[in-house]
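upload-v4.cif (mmCIF, N, CA and C atoms)
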data_query
#
loop_
_atom_site.label_atom_id
_atom_site.label_comp_id
_atom_site.auth_asym_id
_atom_site.auth_seq_id
_atom_site.Cartn_x
_atom_site.Cartn_y
_atom_site.Cartn_z
N MET R 3 -137.00 -127.90 63.16
CA MET R 3 -136.09 -128.12 62.06
C MET R 3 -135.48 -126.79 61.62
N ARG R 4 -134.19 -126.76 61.44
CA ARG R 4 -133.52 -125.53 61.04
C ARG R 4 -133.70 -125.26 59.56
N ASP R 5 -133.71 -123.99 59.20
CA ASP R 5 -133.77 -123.61 57.80
C ASP R 5 -132.34 -123.53 57.28
N LEU R 6 -131.99 -124.43 56.36
CA LEU R 6 -130.62 -124.47 55.83
C LEU R 6 -130.48 -123.76 54.49
N LYS R 7 -131.55 -123.18 53.99
CA LYS R 7 -131.51 -122.54 52.67
C LYS R 7 -130.44 -121.44 52.65
N GLY R 8 -129.51 -121.56 51.71
CA GLY R 8 -128.46 -120.57 51.57
C GLY R 8 -127.27 -120.78 52.48
N ARG R 9 -127.38 -121.67 53.44
CA ARG R 9 -126.30 -121.85 54.40
C ARG R 9 -125.02 -122.35 53.74
N TYR R 10 -125.13 -123.20 52.73
CA TYR R 10 -123.97 -123.79 52.10
C TYR R 10 -123.73 -123.23 50.70
N LYS R 11 -124.18 -122.02 50.47
CA LYS R 11 -124.12 -121.43 49.14
C LYS R 11 -122.70 -121.27 48.61
N ASN R 12 -121.71 -121.15 49.46
CA ASN R 12 -120.35 -120.88 49.01
C ASN R 12 -119.47 -122.11 48.94
N LEU R 13 -120.04 -123.26 48.61
CA LEU R 13 -119.22 -124.46 48.42
C LEU R 13 -118.27 -124.24 47.26
N LYS R 14 -117.06 -124.74 47.38
CA LYS R 14 -116.03 -124.54 46.36
C LYS R 14 -115.55 -125.88 45.81
N ILE R 15 -115.28 -125.90 44.53
CA ILE R 15 -114.65 -127.06 43.91
C ILE R 15 -113.16 -126.94 44.21
N THR R 16 -112.65 -127.88 44.97
CA THR R 16 -111.26 -127.79 45.42
C THR R 16 -110.31 -128.70 44.64
N ASP R 17 -110.85 -129.60 43.81
CA ASP R 17 -109.99 -130.46 42.99
C ASP R 17 -110.80 -130.99 41.81
N VAL R 18 -110.13 -131.10 40.68
CA VAL R 18 -110.74 -131.71 39.49
C VAL R 18 -109.73 -132.70 38.94
N ARG R 19 -110.17 -133.90 38.71
CA ARG R 19 -109.31 -134.94 38.12
C ARG R 19 -109.94 -135.40 36.81
N ILE R 20 -109.10 -135.52 35.80
CA ILE R 20 -109.57 -135.87 34.46
C ILE R 20 -108.90 -137.17 34.02
N ARG R 21 -109.71 -138.10 33.54
CA ARG R 21 -109.20 -139.34 32.94
C ARG R 21 -109.58 -139.32 31.47
N LEU R 22 -108.59 -139.12 30.61
CA LEU R 22 -108.85 -139.03 29.17
C LEU R 22 -109.28 -140.39 28.63
N VAL R 23 -110.18 -140.37 27.65
CA VAL R 23 -110.62 -141.58 26.95
C VAL R 23 -109.99 -141.51 25.57
N ASN R 24 -109.10 -142.44 25.27
CA ASN R 24 -108.34 -142.40 24.02
C ASN R 24 -108.94 -143.31 22.97
N LYS R 25 -110.08 -142.91 22.44
CA LYS R 25 -110.70 -143.65 21.35
C LYS R 25 -110.97 -142.67 20.22
N ASP R 26 -110.43 -142.94 19.05
CA ASP R 26 -110.68 -142.08 17.90
C ASP R 26 -112.17 -142.10 17.57
N ASP R 27 -112.68 -140.98 17.14
CA ASP R 27 -114.09 -140.83 16.72
C ASP R 27 -115.10 -141.03 17.84
N ALA R 28 -114.67 -141.16 19.08
CA ALA R 28 -115.62 -141.33 20.19
C ALA R 28 -116.11 -139.96 20.65
N LYS R 29 -117.38 -139.86 20.98
CA LYS R 29 -117.93 -138.62 21.52
C LYS R 29 -117.48 -138.40 22.95
N LEU R 30 -117.31 -139.50 23.70
CA LEU R 30 -116.84 -139.41 25.07
C LEU R 30 -115.34 -139.13 25.05
N LYS R 31 -114.93 -137.99 25.58
CA LYS R 31 -113.53 -137.57 25.54
C LYS R 31 -112.81 -137.80 26.86
N ALA R 32 -113.54 -137.75 27.97
CA ALA R 32 -112.91 -137.91 29.28
C ALA R 32 -113.98 -138.17 30.33
N VAL R 33 -113.50 -138.63 31.48
CA VAL R 33 -114.35 -138.79 32.65
C VAL R 33 -113.70 -137.99 33.78
N ALA R 34 -114.50 -137.17 34.45
CA ALA R 34 -113.97 -136.29 35.48
C ALA R 34 -114.50 -136.67 36.85
N SER R 35 -113.71 -136.33 37.87
CA SER R 35 -114.15 -136.39 39.27
C SER R 35 -113.88 -135.02 39.87
N ILE R 36 -114.80 -134.53 40.67
CA ILE R 36 -114.57 -133.26 41.35
C ILE R 36 -114.63 -133.47 42.85
N THR R 37 -113.88 -132.66 43.57
CA THR R 37 -113.94 -132.65 45.03
C THR R 37 -114.52 -131.30 45.45
N ILE R 38 -115.47 -131.33 46.35
CA ILE R 38 -116.11 -130.12 46.85
C ILE R 38 -115.67 -129.90 48.28
N ASP R 39 -115.09 -128.73 48.52
CA ASP R 39 -114.63 -128.34 49.87
C ASP R 39 -113.73 -129.38 50.53
N ASP R 40 -112.93 -130.07 49.74
CA ASP R 40 -112.01 -131.09 50.26
C ASP R 40 -112.70 -132.17 51.10
N CYS R 41 -114.02 -132.38 50.87
CA CYS R 41 -114.69 -133.38 51.71
C CYS R 41 -115.74 -134.22 50.99
N ILE R 42 -116.16 -133.84 49.79
CA ILE R 42 -117.14 -134.63 49.05
C ILE R 42 -116.62 -134.82 47.63
N VAL R 43 -116.69 -136.04 47.12
CA VAL R 43 -116.22 -136.32 45.75
C VAL R 43 -117.41 -136.78 44.91
N VAL R 44 -117.46 -136.27 43.68
CA VAL R 44 -118.44 -136.72 42.70
C VAL R 44 -117.66 -137.32 41.54
N HIS R 45 -117.88 -138.60 41.27
CA HIS R 45 -117.17 -139.31 40.20
C HIS R 45 -118.06 -139.42 38.96
N ASP R 46 -117.43 -139.82 37.87
CA ASP R 46 -118.14 -140.20 36.63
C ASP R 46 -118.89 -139.07 35.95
N ILE R 47 -118.32 -137.87 35.96
CA ILE R 47 -118.87 -136.77 35.17
C ILE R 47 -118.24 -136.90 33.78
N LYS R 48 -119.05 -137.05 32.77
CA LYS R 48 -118.53 -137.30 31.42
C LYS R 48 -118.28 -135.99 30.68
N VAL R 49 -117.17 -135.94 29.95
CA VAL R 49 -116.86 -134.83 29.05
C VAL R 49 -117.14 -135.34 27.64
N ILE R 50 -118.08 -134.70 26.97
CA ILE R 50 -118.57 -135.19 25.68
C ILE R 50 -118.44 -134.13 24.60
N SER R 51 -118.06 -134.57 23.41
CA SER R 51 -118.00 -133.69 22.25
C SER R 51 -119.31 -133.82 21.49
N GLY R 52 -120.06 -132.73 21.42
CA GLY R 52 -121.34 -132.73 20.73
C GLY R 52 -121.31 -131.86 19.49
N ARG R 53 -122.42 -131.79 18.80
CA ARG R 53 -122.52 -130.98 17.58
C ARG R 53 -122.26 -129.50 17.84
N GLU R 54 -122.63 -129.04 19.02
CA GLU R 54 -122.47 -127.62 19.34
C GLU R 54 -121.30 -127.36 20.29
N GLY R 55 -120.36 -128.29 20.37
CA GLY R 55 -119.19 -128.11 21.22
C GLY R 55 -119.15 -129.09 22.38
N MET R 56 -118.22 -128.84 23.26
CA MET R 56 -118.01 -129.72 24.41
C MET R 56 -119.05 -129.42 25.49
N PHE R 57 -119.46 -130.48 26.19
CA PHE R 57 -120.36 -130.32 27.32
C PHE R 57 -120.09 -131.42 28.33
N ILE R 58 -120.68 -131.27 29.53
CA ILE R 58 -120.52 -132.30 30.55
C ILE R 58 -121.86 -132.98 30.78
N SER R 59 -121.78 -134.23 31.20
CA SER R 59 -122.96 -135.02 31.55
C SER R 59 -122.74 -135.55 32.96
N MET R 60 -123.68 -135.27 33.83
CA MET R 60 -123.56 -135.67 35.22
C MET R 60 -123.77 -137.18 35.37
N PRO R 61 -123.28 -137.77 36.46
CA PRO R 61 -123.47 -139.21 36.69
C PRO R 61 -124.96 -139.55 36.68
N SER R 62 -125.30 -140.66 36.03
CA SER R 62 -126.70 -141.03 35.92
C SER R 62 -126.88 -142.53 36.09
N ARG R 63 -128.13 -142.91 36.24
CA ARG R 63 -128.49 -144.32 36.41
C ARG R 63 -129.66 -144.61 35.48
N LYS R 64 -129.66 -145.80 34.90
CA LYS R 64 -130.75 -146.20 34.03
C LYS R 64 -131.91 -146.72 34.88
N THR R 65 -133.10 -146.18 34.64
CA THR R 65 -134.28 -146.61 35.38
C THR R 65 -134.85 -147.88 34.75
N PRO R 66 -135.72 -148.58 35.45
CA PRO R 66 -136.31 -149.80 34.89
C PRO R 66 -137.03 -149.59 33.55
N ASP R 67 -137.53 -148.37 33.31
CA ASP R 67 -138.21 -148.12 32.04
C ASP R 67 -137.27 -147.63 30.93
N GLY R 68 -135.95 -147.71 31.19
CA GLY R 68 -134.96 -147.39 30.16
C GLY R 68 -134.54 -145.94 30.10
N GLU R 69 -135.09 -145.11 30.96
CA GLU R 69 -134.73 -143.70 30.99
C GLU R 69 -133.48 -143.52 31.86
N TYR R 70 -132.69 -142.48 31.57
CA TYR R 70 -131.53 -142.16 32.40
C TYR R 70 -131.85 -140.97 33.28
N LYS R 71 -131.55 -141.09 34.58
CA LYS R 71 -131.79 -140.01 35.55
C LYS R 71 -130.48 -139.66 36.22
N ASP R 72 -130.20 -138.34 36.31
CA ASP R 72 -129.00 -137.90 37.01
C ASP R 72 -129.06 -138.31 38.48
N ILE R 73 -127.92 -138.76 38.99
CA ILE R 73 -127.81 -139.11 40.40
C ILE R 73 -127.46 -137.86 41.20
N VAL R 74 -126.57 -137.06 40.63
CA VAL R 74 -126.12 -135.80 41.24
C VAL R 74 -126.18 -134.75 40.14
N HIS R 75 -126.67 -133.56 40.47
CA HIS R 75 -126.70 -132.50 39.47
C HIS R 75 -126.86 -131.14 40.13
N PRO R 76 -126.34 -130.09 39.46
CA PRO R 76 -126.56 -128.73 39.97
C PRO R 76 -128.05 -128.40 39.89
N ILE R 77 -128.51 -127.56 40.78
CA ILE R 77 -129.93 -127.23 40.77
C ILE R 77 -130.21 -125.84 40.18
N ASN R 78 -129.16 -125.14 39.74
CA ASN R 78 -129.39 -123.86 39.08
C ASN R 78 -128.37 -123.66 37.95
N THR R 79 -128.71 -122.77 37.04
CA THR R 79 -127.88 -122.53 35.85
C THR R 79 -126.51 -121.99 36.21
N GLU R 80 -126.44 -121.10 37.17
CA GLU R 80 -125.16 -120.51 37.57
C GLU R 80 -124.17 -121.59 38.02
N THR R 81 -124.62 -122.49 38.85
CA THR R 81 -123.76 -123.56 39.34
C THR R 81 -123.39 -124.51 38.21
N ARG R 82 -124.34 -124.85 37.34
CA ARG R 82 -124.06 -125.73 36.21
C ARG R 82 -122.99 -125.12 35.31
N GLU R 83 -123.10 -123.83 35.02
CA GLU R 83 -122.13 -123.16 34.14
C GLU R 83 -120.74 -123.10 34.79
N GLU R 84 -120.69 -122.84 36.10
CA GLU R 84 -119.41 -122.82 36.80
C GLU R 84 -118.76 -124.20 36.77
N LEU R 85 -119.55 -125.23 37.03
CA LEU R 85 -119.05 -126.60 37.00
C LEU R 85 -118.55 -126.97 35.61
N LYS R 86 -119.32 -126.63 34.60
CA LYS R 86 -118.93 -126.90 33.21
C LYS R 86 -117.60 -126.22 32.88
N LYS R 87 -117.45 -124.95 33.26
CA LYS R 87 -116.22 -124.22 32.96
C LYS R 87 -115.01 -124.85 33.65
N VAL R 88 -115.15 -125.15 34.92
CA VAL R 88 -114.03 -125.72 35.68
C VAL R 88 -113.61 -127.06 35.09
N ILE R 89 -114.57 -127.92 34.77
CA ILE R 89 -114.25 -129.25 34.24
C ILE R 89 -113.69 -129.17 32.83
N LEU R 90 -114.29 -128.34 31.97
CA LEU R 90 -113.78 -128.24 30.60
C LEU R 90 -112.40 -127.58 30.55
N ASP R 91 -112.13 -126.63 31.43
CA ASP R 91 -110.78 -126.04 31.52
C ASP R 91 -109.76 -127.11 31.91
N ALA R 92 -110.10 -127.93 32.90
CA ALA R 92 -109.20 -129.01 33.34
C ALA R 92 -109.01 -130.03 32.22
N TYR R 93 -110.08 -130.33 31.49
CA TYR R 93 -109.98 -131.25 30.36
C TYR R 93 -109.02 -130.71 29.31
N GLU R 94 -109.15 -129.44 28.96
CA GLU R 94 -108.27 -128.83 27.95
C GLU R 94 -106.81 -128.92 28.38
N GLN R 95 -106.54 -128.67 29.65
CA GLN R 95 -105.16 -128.77 30.16
C GLN R 95 -104.63 -130.19 30.02
N GLU R 96 -105.43 -131.18 30.38
CA GLU R 96 -104.99 -132.58 30.27
C GLU R 96 -104.82 -132.99 28.81
N ALA R 97 -105.74 -132.57 27.96
CA ALA R 97 -105.66 -132.92 26.54
C ALA R 97 -104.42 -132.31 25.91
N ASN R 98 -104.08 -131.07 26.29
CA ASN R 98 -102.88 -130.42 25.75
C ASN R 98 -101.60 -131.12 26.22
N LYS R 99 -101.59 -131.61 27.46
CA LYS R 99 -100.43 -132.36 27.97
C LYS R 99 -100.23 -133.65 27.22
N ALA R 100 -101.33 -134.27 26.81
CA ALA R 100 -101.29 -135.58 26.16
C ALA R 100 -100.81 -135.50 24.70
N GLU R 101 -100.86 -134.32 24.11
CA GLU R 101 -100.47 -134.18 22.69
C GLU R 101 -98.99 -134.30 22.48
#
Would you kindly transcribe this structure into structure tokens?
Amino acid sequence: MRDLKGRYKNLKITDVRIRLVNKDDAKLKAVASITIDDCIVVHDIKVISGREGMFISMPSRKTPDGEYKDIVHPINTETREELKKVILDAYEQEANKAE
């Protein structure tokens, strides 16, 4: 078996699509999809307004015991922060266009 650790470290987000949610007073502001290296798409990333500002929530599934588990998620802080920045920047651009 080959060691793949680090082999795909330079994956790039090549597209971000934002679908605004137009509900007053809703915490959910948008739903995003990202494309990685023009070959993998991750849908249903939520853009949420929280007490401490905007954040993203990765796609999740409800388990039989009522808990929610991420289906796809970054495995380190650096990647999570990069993903958050890219998606929230795209959200701000779409929100400004909609005004």
- Message: Could you check the closest approach to Val49 of chain R for each of R:Val23, R:Thr81, R:Lys31, R:Ser62 and tell me which residue wins, using only C-alpha atoms?
- Response: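 Looking at the shortest contact to Val49 of chain R, the residue is R:Lys31.
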- Where does DSSP see strand (DSSP E or B) in chain R, if you list the residues as a PyMOL selection string? chain R and resi 15-22+30-38+42-52+55-59+62-64+70-72
Dump N, CA and C atoms for the selected residues as a compact mmCIF listing (two decimals), keeping the file's coordinate frame?
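Dumped everything to part-v4.txt:
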# COMPACT_ATOMS: atom_id res chain seq x y z
N ILE R 15 -115.28 -125.90 44.53
CA ILE R 15 -114.65 -127.06 43.91
C ILE R 15 -113.16 -126.94 44.21
N THR R 16 -112.65 -127.88 44.97
CA THR R 16 -111.26 -127.79 45.42
C THR R 16 -110.31 -128.70 44.64
N ASP R 17 -110.85 -129.60 43.81
CA ASP R 17 -109.99 -130.46 42.99
C ASP R 17 -110.80 -130.99 41.81
N VAL R 18 -110.13 -131.10 40.68
CA VAL R 18 -110.74 -131.71 39.49
C VAL R 18 -109.73 -132.70 38.94
N ARG R 19 -110.17 -133.90 38.71
CA ARG R 19 -109.31 -134.94 38.12
C ARG R 19 -109.94 -135.40 36.81
N ILE R 20 -109.10 -135.52 35.80
CA ILE R 20 -109.57 -135.87 34.46
C ILE R 20 -108.90 -137.17 34.02
N ARG R 21 -109.71 -138.10 33.54
CA ARG R 21 -109.20 -139.34 32.94
C ARG R 21 -109.58 -139.32 31.47
N LEU R 22 -108.59 -139.12 30.61
CA LEU R 22 -108.85 -139.03 29.17
C LEU R 22 -109.28 -140.39 28.63
N LEU R 30 -117.31 -139.50 23.70
CA LEU R 30 -116.84 -139.41 25.07
C LEU R 30 -115.34 -139.13 25.05
N LYS R 31 -114.93 -137.99 25.58
CA LYS R 31 -113.53 -137.57 25.54
C LYS R 31 -112.81 -137.80 26.86
N ALA R 32 -113.54 -137.75 27.97
CA ALA R 32 -112.91 -137.91 29.28
C ALA R 32 -113.98 -138.17 30.33
N VAL R 33 -113.50 -138.63 31.48
CA VAL R 33 -114.35 -138.79 32.65
C VAL R 33 -113.70 -137.99 33.78
N ALA R 34 -114.50 -137.17 34.45
CA ALA R 34 -113.97 -136.29 35.48
C ALA R 34 -114.50 -136.67 36.85
N SER R 35 -113.71 -136.33 37.87
CA SER R 35 -114.15 -136.39 39.27
C SER R 35 -113.88 -135.02 39.87
N ILE R 36 -114.80 -134.53 40.67
CA ILE R 36 -114.57 -133.26 41.35
C ILE R 36 -114.63 -133.47 42.85
N THR R 37 -113.88 -132.66 43.57
CA THR R 37 -113.94 -132.65 45.03
C THR R 37 -114.52 -131.30 45.45
N ILE R 38 -115.47 -131.33 46.35
CA ILE R 38 -116.11 -130.12 46.85
C ILE R 38 -115.67 -129.90 48.28
N ILE R 42 -116.16 -133.84 49.79
CA ILE R 42 -117.14 -134.63 49.05
C ILE R 42 -116.62 -134.82 47.63
N VAL R 43 -116.69 -136.04 47.12
CA VAL R 43 -116.22 -136.32 45.75
C VAL R 43 -117.41 -136.78 44.91
N VAL R 44 -117.46 -136.27 43.68
CA VAL R 44 -118.44 -136.72 42.70
C VAL R 44 -117.66 -137.32 41.54
N HIS R 45 -117.88 -138.60 41.27
CA HIS R 45 -117.17 -139.31 40.20
C HIS R 45 -118.06 -139.42 38.96
N ASP R 46 -117.43 -139.82 37.87
CA ASP R 46 -118.14 -140.20 36.63
C ASP R 46 -118.89 -139.07 35.95
N ILE R 47 -118.32 -137.87 35.96
CA ILE R 47 -118.87 -136.77 35.17
C ILE R 47 -118.24 -136.90 33.78
N LYS R 48 -119.05 -137.05 32.77
CA LYS R 48 -118.53 -137.30 31.42
C LYS R 48 -118.28 -135.99 30.68
N VAL R 49 -117.17 -135.94 29.95
CA VAL R 49 -116.86 -134.83 29.05
C VAL R 49 -117.14 -135.34 27.64
N ILE R 50 -118.08 -134.70 26.97
CA ILE R 50 -118.57 -135.19 25.68
C ILE R 50 -118.44 -134.13 24.60
N SER R 51 -118.06 -134.57 23.41
CA SER R 51 -118.00 -133.69 22.25
C SER R 51 -119.31 -133.82 21.49
N GLY R 52 -120.06 -132.73 21.42
CA GLY R 52 -121.34 -132.73 20.73
C GLY R 52 -121.31 -131.86 19.49
N GLY R 55 -120.36 -128.29 20.37
CA GLY R 55 -119.19 -128.11 21.22
C GLY R 55 -119.15 -129.09 22.38
N MET R 56 -118.22 -128.84 23.26
CA MET R 56 -118.01 -129.72 24.41
C MET R 56 -119.05 -129.42 25.49
N PHE R 57 -119.46 -130.48 26.19
CA PHE R 57 -120.36 -130.32 27.32
C PHE R 57 -120.09 -131.42 28.33
N ILE R 58 -120.68 -131.27 29.53
CA ILE R 58 -120.52 -132.30 30.55
C ILE R 58 -121.86 -132.98 30.78
N SER R 59 -121.78 -134.23 31.20
CA SER R 59 -122.96 -135.02 31.55
C SER R 59 -122.74 -135.55 32.96
N SER R 62 -125.30 -140.66 36.03
CA SER R 62 -126.70 -141.03 35.92
C SER R 62 -126.88 -142.53 36.09
N ARG R 63 -128.13 -142.91 36.24
CA ARG R 63 -128.49 -144.32 36.41
C ARG R 63 -129.66 -144.61 35.48
N LYS R 64 -129.66 -145.80 34.90
CA LYS R 64 -130.75 -146.20 34.03
C LYS R 64 -131.91 -146.72 34.88
N TYR R 70 -132.69 -142.48 31.57
CA TYR R 70 -131.53 -142.16 32.40
C TYR R 70 -131.85 -140.97 33.28
N LYS R 71 -131.55 -141.09 34.58
CA LYS R 71 -131.79 -140.01 35.55
C LYS R 71 -130.48 -139.66 36.22
N ASP R 72 -130.20 -138.34 36.31
CA ASP R 72 -129.00 -137.90 37.01
C ASP R 72 -129.06 -138.31 38.48
- Item | Å distance separating atom CA of Glu83 of chain R from atom CA of Phe57 of chain R, one decimal place |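 Separation between atom CA of Glu83 of chain R and atom CA of Phe57 of chain R: 10.0 Å.
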- Write out as an MDAnalysis selection string the residues lying within 12 Å of segment 41-46 of chain R, counting only C-alpha atoms and excluding same-chain residues fewer than 5 positions away. chainID R and resid 13:22 30 32:36 58:63 72:76 85 89
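You will find atom C of Ser51 of chain R at 5.1 Å from atom C of Lys29 of chain R.
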